[in-house]
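model_7.pdb (PDB, N, CA and C atoms) appears below.
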```pdb
ATOM      1  N   MET I   1      -9.390 -68.565  55.627
ATOM      2  CA  MET I   1     -10.471 -68.089  54.783
ATOM      3  C   MET I   1     -10.919 -69.171  53.798
ATOM      4  N   LEU I   2      -9.983 -69.706  53.041
ATOM      5  CA  LEU I   2     -10.298 -70.726  52.038
ATOM      6  C   LEU I   2      -9.706 -72.072  52.446
ATOM      7  N   GLU I   3      -9.849 -72.400  53.735
ATOM      8  CA  GLU I   3      -9.162 -73.570  54.269
ATOM      9  C   GLU I   3      -9.609 -74.905  53.681
ATOM     10  N   ASN I   4     -10.813 -75.013  53.176
ATOM     11  CA  ASN I   4     -11.272 -76.274  52.600
ATOM     12  C   ASN I   4     -11.307 -76.240  51.078
ATOM     13  N   SER I   5     -10.610 -75.316  50.482
ATOM     14  CA  SER I   5     -10.642 -75.162  49.032
ATOM     15  C   SER I   5      -9.640 -76.092  48.354
ATOM     16  N   VAL I   6      -9.840 -76.259  47.065
ATOM     17  CA  VAL I   6      -8.907 -77.045  46.259
ATOM     18  C   VAL I   6      -7.520 -76.414  46.336
ATOM     19  N   TRP I   7      -7.468 -75.093  46.344
ATOM     20  CA  TRP I   7      -6.190 -74.388  46.408
ATOM     21  C   TRP I   7      -5.413 -74.801  47.653
ATOM     22  N   GLN I   8      -6.067 -74.816  48.802
ATOM     23  CA  GLN I   8      -5.402 -75.124  50.073
ATOM     24  C   GLN I   8      -4.950 -76.587  50.164
ATOM     25  N   GLN I   9      -5.538 -77.470  49.381
ATOM     26  CA  GLN I   9      -5.116 -78.870  49.374
ATOM     27  C   GLN I   9      -3.683 -79.020  48.874
ATOM     28  N   TYR I  10      -3.278 -78.134  47.975
ATOM     29  CA  TYR I  10      -1.970 -78.261  47.345
ATOM     30  C   TYR I  10      -1.005 -77.135  47.670
ATOM     31  N   ASN I  11      -1.520 -76.019  48.170
ATOM     32  CA  ASN I  11      -0.682 -74.857  48.467
ATOM     33  C   ASN I  11      -0.806 -74.487  49.935
ATOM     34  N   LYS I  12       0.323 -74.406  50.614
ATOM     35  CA  LYS I  12       0.307 -74.035  52.027
ATOM     36  C   LYS I  12      -0.044 -72.556  52.200
ATOM     37  N   GLU I  13       0.414 -71.743  51.281
ATOM     38  CA  GLU I  13       0.139 -70.313  51.341
ATOM     39  C   GLU I  13      -1.101 -69.983  50.519
ATOM     40  N   ASN I  14      -1.802 -68.967  50.945
ATOM     41  CA  ASN I  14      -2.982 -68.525  50.219
ATOM     42  C   ASN I  14      -2.552 -67.465  49.203
ATOM     43  N   ASN I  15      -1.762 -67.879  48.216
ATOM     44  CA  ASN I  15      -1.181 -66.945  47.252
ATOM     45  C   ASN I  15      -1.828 -67.028  45.868
ATOM     46  N   PHE I  16      -3.074 -67.498  45.808
ATOM     47  CA  PHE I  16      -3.705 -67.634  44.497
ATOM     48  C   PHE I  16      -3.905 -66.282  43.827
ATOM     49  N   ARG I  17      -4.054 -65.229  44.615
ATOM     50  CA  ARG I  17      -4.212 -63.879  44.064
ATOM     51  C   ARG I  17      -2.965 -63.490  43.259
ATOM     52  N   THR I  18      -1.801 -63.773  43.800
ATOM     53  CA  THR I  18      -0.540 -63.460  43.128
ATOM     54  C   THR I  18      -0.401 -64.267  41.837
ATOM     55  N   LYS I  19      -0.683 -65.548  41.920
ATOM     56  CA  LYS I  19      -0.578 -66.418  40.739
ATOM     57  C   LYS I  19      -1.593 -66.015  39.668
ATOM     58  N   LEU I  20      -2.791 -65.683  40.107
ATOM     59  CA  LEU I  20      -3.828 -65.280  39.177
ATOM     60  C   LEU I  20      -3.432 -64.004  38.437
ATOM     61  N   ALA I  21      -2.909 -63.038  39.165
ATOM     62  CA  ALA I  21      -2.459 -61.786  38.548
ATOM     63  C   ALA I  21      -1.331 -62.049  37.560
ATOM     64  N   GLU I  22      -0.441 -62.956  37.930
ATOM     65  CA  GLU I  22       0.694 -63.291  37.061
ATOM     66  C   GLU I  22       0.219 -63.885  35.735
ATOM     67  N   PHE I  23      -0.683 -64.847  35.789
ATOM     68  CA  PHE I  23      -1.117 -65.529  34.569
ATOM     69  C   PHE I  23      -2.137 -64.732  33.770
ATOM     70  N   CYS I  24      -2.869 -63.843  34.422
ATOM     71  CA  CYS I  24      -3.832 -62.992  33.713
ATOM     72  C   CYS I  24      -3.183 -61.712  33.202
ATOM     73  N   VAL I  25      -1.919 -61.515  33.531
ATOM     74  CA  VAL I  25      -1.168 -60.328  33.139
ATOM     75  C   VAL I  25      -1.922 -59.074  33.612
ATOM     76  N   MET I  26      -2.149 -59.041  34.924
ATOM     77  CA  MET I  26      -2.845 -57.925  35.561
ATOM     78  C   MET I  26      -2.085 -57.518  36.816
ATOM     79  N   GLU I  27      -2.357 -56.324  37.283
ATOM     80  CA  GLU I  27      -1.812 -55.881  38.555
ATOM     81  C   GLU I  27      -2.664 -56.478  39.677
ATOM     82  N   ILE I  28      -2.028 -56.840  40.778
ATOM     83  CA  ILE I  28      -2.758 -57.409  41.918
ATOM     84  C   ILE I  28      -3.822 -56.434  42.415
ATOM     85  N   ALA I  29      -3.507 -55.148  42.399
ATOM     86  CA  ALA I  29      -4.444 -54.127  42.885
ATOM     87  C   ALA I  29      -5.713 -54.051  42.030
ATOM     88  N   ASP I  30      -5.655 -54.529  40.793
ATOM     89  CA  ASP I  30      -6.823 -54.479  39.905
ATOM     90  C   ASP I  30      -7.787 -55.637  40.138
ATOM     91  N   LEU I  31      -7.353 -56.652  40.873
ATOM     92  CA  LEU I  31      -8.204 -57.816  41.119
ATOM     93  C   LEU I  31      -9.258 -57.509  42.173
ATOM     94  N   ILE I  32     -10.325 -58.298  42.174
ATOM     95  CA  ILE I  32     -11.373 -58.169  43.185
ATOM     96  C   ILE I  32     -10.727 -58.265  44.558
ATOM     97  N   PHE I  33     -11.064 -57.345  45.430
ATOM     98  CA  PHE I  33     -10.404 -57.242  46.734
ATOM     99  C   PHE I  33     -10.736 -58.413  47.657
ATOM    100  N   ASP I  34     -11.996 -58.796  47.732
ATOM    101  CA  ASP I  34     -12.439 -59.868  48.625
ATOM    102  C   ASP I  34     -11.963 -61.224  48.089
ATOM    103  N   GLU I  35     -11.145 -61.909  48.876
ATOM    104  CA  GLU I  35     -10.567 -63.180  48.417
ATOM    105  C   GLU I  35     -11.627 -64.238  48.152
ATOM    106  N   LYS I  36     -12.639 -64.278  48.984
ATOM    107  CA  LYS I  36     -13.687 -65.277  48.806
ATOM    108  C   LYS I  36     -14.439 -65.026  47.500
ATOM    109  N   ALA I  37     -14.736 -63.778  47.207
ATOM    110  CA  ALA I  37     -15.414 -63.430  45.956
ATOM    111  C   ALA I  37     -14.528 -63.716  44.750
ATOM    112  N   LEU I  38     -13.242 -63.388  44.868
ATOM    113  CA  LEU I  38     -12.297 -63.644  43.777
ATOM    114  C   LEU I  38     -12.172 -65.136  43.509
ATOM    115  N   TYR I  39     -12.067 -65.922  44.568
ATOM    116  CA  TYR I  39     -11.974 -67.371  44.415
ATOM    117  C   TYR I  39     -13.262 -67.918  43.786
ATOM    118  N   GLY I  40     -14.398 -67.354  44.169
ATOM    119  CA  GLY I  40     -15.673 -67.768  43.594
ATOM    120  C   GLY I  40     -15.737 -67.510  42.097
ATOM    121  N   VAL I  41     -15.240 -66.360  41.673
ATOM    122  CA  VAL I  41     -15.202 -66.038  40.240
ATOM    123  C   VAL I  41     -14.268 -67.007  39.527
ATOM    124  N   MET I  42     -13.129 -67.290  40.142
ATOM    125  CA  MET I  42     -12.177 -68.219  39.540
ATOM    126  C   MET I  42     -12.825 -69.602  39.387
ATOM    127  N   LYS I  43     -13.555 -70.045  40.413
ATOM    128  CA  LYS I  43     -14.239 -71.336  40.334
ATOM    129  C   LYS I  43     -15.298 -71.347  39.243
ATOM    130  N   SER I  44     -15.944 -70.216  39.025
ATOM    131  CA  SER I  44     -16.998 -70.169  38.005
ATOM    132  C   SER I  44     -16.421 -70.135  36.589
ATOM    133  N   LYS I  45     -15.225 -69.620  36.424
ATOM    134  CA  LYS I  45     -14.618 -69.487  35.099
ATOM    135  C   LYS I  45     -13.814 -70.720  34.676
ATOM    136  N   LEU I  46     -13.401 -71.530  35.649
ATOM    137  CA  LEU I  46     -12.606 -72.714  35.344
ATOM    138  C   LEU I  46     -13.408 -73.975  35.628
ATOM    139  N   THR I  47     -13.117 -75.029  34.887
ATOM    140  CA  THR I  47     -13.713 -76.319  35.212
ATOM    141  C   THR I  47     -13.036 -76.849  36.466
ATOM    142  N   LYS I  48     -13.618 -77.869  37.069
ATOM    143  CA  LYS I  48     -13.016 -78.453  38.273
ATOM    144  C   LYS I  48     -11.612 -78.974  37.984
ATOM    145  N   LYS I  49     -11.452 -79.590  36.819
ATOM    146  CA  LYS I  49     -10.132 -80.103  36.431
ATOM    147  C   LYS I  49      -9.124 -78.973  36.257
ATOM    148  N   GLU I  50      -9.560 -77.894  35.614
ATOM    149  CA  GLU I  50      -8.661 -76.760  35.388
ATOM    150  C   GLU I  50      -8.264 -76.111  36.714
ATOM    151  N   LEU I  51      -9.212 -75.980  37.623
ATOM    152  CA  LEU I  51      -8.912 -75.394  38.925
ATOM    153  C   LEU I  51      -7.911 -76.257  39.685
ATOM    154  N   LYS I  52      -8.121 -77.544  39.644
ATOM    155  CA  LYS I  52      -7.207 -78.470  40.330
ATOM    156  C   LYS I  52      -5.828 -78.442  39.670
ATOM    157  N   LEU I  53      -5.786 -78.414  38.357
ATOM    158  CA  LEU I  53      -4.514 -78.344  37.636
ATOM    159  C   LEU I  53      -3.784 -77.054  37.978
ATOM    160  N   PHE I  54      -4.508 -75.940  38.026
ATOM    161  CA  PHE I  54      -3.914 -74.657  38.385
ATOM    162  C   PHE I  54      -3.331 -74.712  39.800
ATOM    163  N   ALA I  55      -4.069 -75.277  40.730
ATOM    164  CA  ALA I  55      -3.594 -75.391  42.114
ATOM    165  C   ALA I  55      -2.357 -76.283  42.195
ATOM    166  N   MET I  56      -2.390 -77.412  41.521
ATOM    167  CA  MET I  56      -1.266 -78.345  41.562
ATOM    168  C   MET I  56      -0.035 -77.765  40.871
ATOM    169  N   ASP I  57      -0.222 -77.147  39.724
ATOM    170  CA  ASP I  57       0.906 -76.575  38.997
ATOM    171  C   ASP I  57       1.495 -75.389  39.750
ATOM    172  N   SER I  58       0.652 -74.598  40.383
ATOM    173  CA  SER I  58       1.134 -73.453  41.165
ATOM    174  C   SER I  58       1.900 -73.897  42.404
ATOM    175  N   ALA I  59       1.561 -75.075  42.905
ATOM    176  CA  ALA I  59       2.272 -75.631  44.052
ATOM    177  C   ALA I  59       3.592 -76.269  43.630
ATOM    178  N   GLU I  60       3.850 -76.220  42.323
ATOM    179  CA  GLU I  60       5.070 -76.771  41.728
ATOM    180  C   GLU I  60       5.237 -78.260  42.023
ATOM    181  N   LEU I  61       4.111 -78.973  41.948
ATOM    182  CA  LEU I  61       4.170 -80.422  42.086
ATOM    183  C   LEU I  61       4.848 -81.012  40.858
ATOM    184  N   ASP I  62       5.456 -82.151  41.044
ATOM    185  CA  ASP I  62       6.129 -82.842  39.951
ATOM    186  C   ASP I  62       5.115 -83.212  38.872
ATOM    187  N   ASP I  63       5.496 -83.047  37.626
ATOM    188  CA  ASP I  63       4.597 -83.373  36.518
ATOM    189  C   ASP I  63       4.128 -84.823  36.578
ATOM    190  N   ALA I  64       4.962 -85.711  37.067
ATOM    191  CA  ALA I  64       4.580 -87.125  37.165
ATOM    192  C   ALA I  64       3.385 -87.299  38.100
ATOM    193  N   LYS I  65       3.364 -86.560  39.202
ATOM    194  CA  LYS I  65       2.231 -86.635  40.139
ATOM    195  C   LYS I  65       0.963 -86.080  39.512
ATOM    196  N   ILE I  66       1.113 -85.001  38.768
ATOM    197  CA  ILE I  66      -0.045 -84.395  38.105
ATOM    198  C   ILE I  66      -0.585 -85.340  37.035
ATOM    199  N   MET I  67       0.317 -85.946  36.260
ATOM    200  CA  MET I  67      -0.104 -86.876  35.219
ATOM    201  C   MET I  67      -0.819 -88.071  35.836
ATOM    202  N   GLN I  68      -0.324 -88.537  36.961
ATOM    203  CA  GLN I  68      -0.957 -89.666  37.639
ATOM    204  C   GLN I  68      -2.352 -89.280  38.144
ATOM    205  N   GLU I  69      -2.489 -88.106  38.711
ATOM    206  CA  GLU I  69      -3.769 -87.640  39.252
ATOM    207  C   GLU I  69      -4.842 -87.551  38.173
ATOM    208  N   PHE I  70      -4.477 -87.067  36.992
ATOM    209  CA  PHE I  70      -5.443 -86.873  35.911
ATOM    210  C   PHE I  70      -5.415 -87.976  34.855
ATOM    211  N   SER I  71      -4.542 -88.953  35.014
ATOM    212  CA  SER I  71      -4.357 -90.019  34.023
ATOM    213  C   SER I  71      -3.996 -89.441  32.657
ATOM    214  N   TYR I  72      -3.089 -88.471  32.675
ATOM    215  CA  TYR I  72      -2.612 -87.814  31.467
ATOM    216  C   TYR I  72      -1.294 -88.415  31.014
ATOM    217  N   THR I  73      -1.037 -88.303  29.712
ATOM    218  CA  THR I  73       0.298 -88.549  29.192
ATOM    219  C   THR I  73       1.026 -87.205  29.258
ATOM    220  N   GLN I  74       2.309 -87.197  28.979
ATOM    221  CA  GLN I  74       3.063 -85.936  28.994
ATOM    222  C   GLN I  74       2.476 -84.953  27.985
ATOM    223  N   ASP I  75       2.104 -85.458  26.823
ATOM    224  CA  ASP I  75       1.522 -84.606  25.787
ATOM    225  C   ASP I  75       0.173 -84.037  26.239
ATOM    226  N   ASP I  76      -0.665 -84.881  26.868
ATOM    227  CA  ASP I  76      -1.961 -84.420  27.373
ATOM    228  C   ASP I  76      -1.791 -83.334  28.433
ATOM    229  N   LEU I  77      -0.798 -83.504  29.292
ATOM    230  CA  LEU I  77      -0.541 -82.528  30.349
ATOM    231  C   LEU I  77      -0.128 -81.185  29.751
ATOM    232  N   GLU I  78       0.755 -81.220  28.787
ATOM    233  CA  GLU I  78       1.197 -79.981  28.152
ATOM    234  C   GLU I  78       0.035 -79.261  27.474
ATOM    235  N   LYS I  79      -0.831 -80.027  26.818
ATOM    236  CA  LYS I  79      -1.999 -79.442  26.165
ATOM    237  C   LYS I  79      -2.954 -78.828  27.191
ATOM    238  N   ALA I  80      -3.169 -79.528  28.307
ATOM    239  CA  ALA I  80      -4.077 -79.034  29.347
ATOM    240  C   ALA I  80      -3.537 -77.755  29.974
ATOM    241  N   LYS I  81      -2.230 -77.706  30.230
ATOM    242  CA  LYS I  81      -1.620 -76.497  30.797
ATOM    243  C   LYS I  81      -1.717 -75.336  29.805
ATOM    244  N   PHE I  82      -1.446 -75.622  28.539
ATOM    245  CA  PHE I  82      -1.523 -74.578  27.513
ATOM    246  C   PHE I  82      -2.933 -74.008  27.447
ATOM    247  N   LYS I  83      -3.937 -74.894  27.436
ATOM    248  CA  LYS I  83      -5.332 -74.469  27.369
ATOM    249  C   LYS I  83      -5.715 -73.643  28.600
ATOM    250  N   LEU I  84      -5.272 -74.091  29.768
ATOM    251  CA  LEU I  84      -5.579 -73.385  31.015
ATOM    252  C   LEU I  84      -4.996 -71.984  31.017
ATOM    253  N   TYR I  85      -3.722 -71.860  30.725
ATOM    254  CA  TYR I  85      -3.069 -70.558  30.801
ATOM    255  C   TYR I  85      -3.487 -69.642  29.656
ATOM    256  N   LYS I  86      -3.907 -70.226  28.549
ATOM    257  CA  LYS I  86      -4.471 -69.427  27.457
ATOM    258  C   LYS I  86      -5.808 -68.841  27.897
ATOM    259  N   LYS I  87      -6.584 -69.630  28.627
ATOM    260  CA  LYS I  87      -7.886 -69.175  29.117
ATOM    261  C   LYS I  87      -7.738 -67.970  30.047
ATOM    262  N   PHE I  88      -6.691 -67.965  30.879
ATOM    263  CA  PHE I  88      -6.457 -66.845  31.791
ATOM    264  C   PHE I  88      -6.187 -65.545  31.042
ATOM    265  N   LYS I  89      -5.629 -65.644  29.863
ATOM    266  CA  LYS I  89      -5.267 -64.446  29.104
ATOM    267  C   LYS I  89      -6.413 -63.921  28.233
ATOM    268  N   GLN I  90      -7.472 -64.704  28.083
ATOM    269  CA  GLN I  90      -8.607 -64.267  27.284
ATOM    270  C   GLN I  90      -9.369 -63.179  28.043
ATOM    271  N   ASP I  91      -9.800 -62.165  27.326
ATOM    272  CA  ASP I  91     -10.485 -61.040  27.960
ATOM    273  C   ASP I  91     -11.737 -61.455  28.724
ATOM    274  N   LYS I  92     -12.512 -62.385  28.168
ATOM    275  CA  LYS I  92     -13.760 -62.760  28.833
ATOM    276  C   LYS I  92     -13.500 -63.414  30.199
ATOM    277  N   THR I  93     -12.353 -64.036  30.376
ATOM    278  CA  THR I  93     -11.995 -64.615  31.662
ATOM    279  C   THR I  93     -11.253 -63.593  32.510
ATOM    280  N   ARG I  94     -10.256 -62.988  31.935
ATOM    281  CA  ARG I  94      -9.376 -62.059  32.650
ATOM    282  C   ARG I  94     -10.145 -60.884  33.244
ATOM    283  N   LEU I  95     -11.039 -60.302  32.459
ATOM    284  CA  LEU I  95     -11.762 -59.126  32.920
ATOM    285  C   LEU I  95     -12.777 -59.432  34.015
ATOM    286  N   SER I  96     -13.178 -60.681  34.133
ATOM    287  CA  SER I  96     -14.115 -61.042  35.203
ATOM    288  C   SER I  96     -13.447 -60.993  36.578
ATOM    289  N   PHE I  97     -12.126 -61.012  36.622
ATOM    290  CA  PHE I  97     -11.394 -60.938  37.888
ATOM    291  C   PHE I  97     -11.141 -59.495  38.324
ATOM    292  N   ARG I  98     -11.415 -58.545  37.450
ATOM    293  CA  ARG I  98     -11.135 -57.132  37.716
ATOM    294  C   ARG I  98     -12.178 -56.565  38.677
ATOM    295  N   ALA I  99     -11.707 -55.831  39.653
ATOM    296  CA  ALA I  99     -12.607 -55.163  40.589
ATOM    297  C   ALA I  99     -13.300 -54.017  39.878
ATOM    298  N   SER I 100     -14.565 -53.833  40.182
ATOM    299  CA  SER I 100     -15.259 -52.697  39.578
ATOM    300  C   SER I 100     -14.784 -51.417  40.263
ATOM    301  N   LYS I 101     -14.864 -50.346  39.544
ATOM    302  CA  LYS I 101     -14.403 -49.059  40.080
ATOM    303  C   LYS I 101     -15.316 -48.556  41.193
ATOM    304  N   ASP I 102     -16.561 -49.026  41.216
ATOM    305  CA  ASP I 102     -17.510 -48.579  42.235
ATOM    306  C   ASP I 102     -17.334 -49.313  43.563
ATOM    307  N   TYR I 103     -16.619 -50.425  43.532
ATOM    308  CA  TYR I 103     -16.474 -51.260  44.731
ATOM    309  C   TYR I 103     -15.341 -50.748  45.605
ATOM    310  N   ASP I 104     -15.641 -50.486  46.872
ATOM    311  CA  ASP I 104     -14.616 -50.082  47.851
ATOM    312  C   ASP I 104     -14.998 -50.565  49.214
TER     313      ASP I 104
END
```
Represent the structure contained in this file as structure tokens.
Amino acid sequence: MLENSVWQQYNKENNFRTKLAEFCVMEIADLIFDEKALYGVMKSKLTKKELKLFAMDSAELDDAKIMQEFSYTQDDLEKAKFKLYKKFKQDKTRLSFRASKDYD
């Protein structure tokens, strides 16, 4: 489905729904059902760097590889991760991933 996505470059499994629910503190069943639509919303809410960082961090890549990819220092990486995961918890981002009650 998302074979050419940034997510698939770093993750063998298409488990972004699980990771997204985990970081947004939501139930998986509450997320948009269509994976392509959900991924599209995620792409619209995150910058390209944030999306790539999320994919790389979720794939549990070594921090050294991530720092090299983004030319970050350890401090910069920690700040970027903090900002990213804080964004997932904000209502304006988190609620955009929620499926509407009318959609079935």
CA of Lys52 in chain I to atom N of Lys81 in chain I, straight-line distance in Å: 11.3 Å
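Distances here use only N, CA and C atoms; by that measure, the residue among I:Glu13, I:Ala29, I:Lys86, I:Leu53 closest to Ile66 in chain I is I:Leu53.
Taking CA of Arg94 in chain I and atom C of Phe23 in chain I as endpoints, the distance between them is 7.8 Å.
For the choices I:Glu27, I:Glu50, I:Glu22, I:Asp34, the atom-to-atom distance to Ala80 in chain I is smallest for I:Glu50 when using all atoms listed in the file.
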Just to confirm, what's the straight-line distance from CA of Val41 in chain I to CA of Leu77 in chain I in Å (one decimal)? 24.2 Å
Using DSSP on the backbone coordinates, identify the residues of chain I assigned to alpha helix (DSSP H); present them as number ranges by chain. I: 6-10, 16-24, 35-45, 48-58, 63-70, 74-89, 91-94
Which residues come within 6.5 Å of Ala55 in chain I, counting all atoms listed in the file, excluding same-chain residues fewer than 4 positions away, as a PyMOL selection string? chain I and resi 6-7+10-11+50-51+59-60
Enclosing box along x, y and z for every listed atom of range 28-36 of chain I, padded 6 Å each side, centre and size in Å, one decimal, as lines of an AutoDock Vina configuration file:
```
center_x = -8.2
center_y = -59.7
center_z = 44.4
size_x = 24.4
size_y = 23.2
size_z = 21.1
```
What lies within 12 Å of Lys83 in chain I using only C-alpha atoms, ignoring chain neighbours under 6 positions off, as a list of chain:residue names? I:Leu46, I:Thr47, I:Lys49, I:Glu50, I:Leu53, I:Phe54, I:Asp76, I:Leu77, I:Lys89, I:Gln90
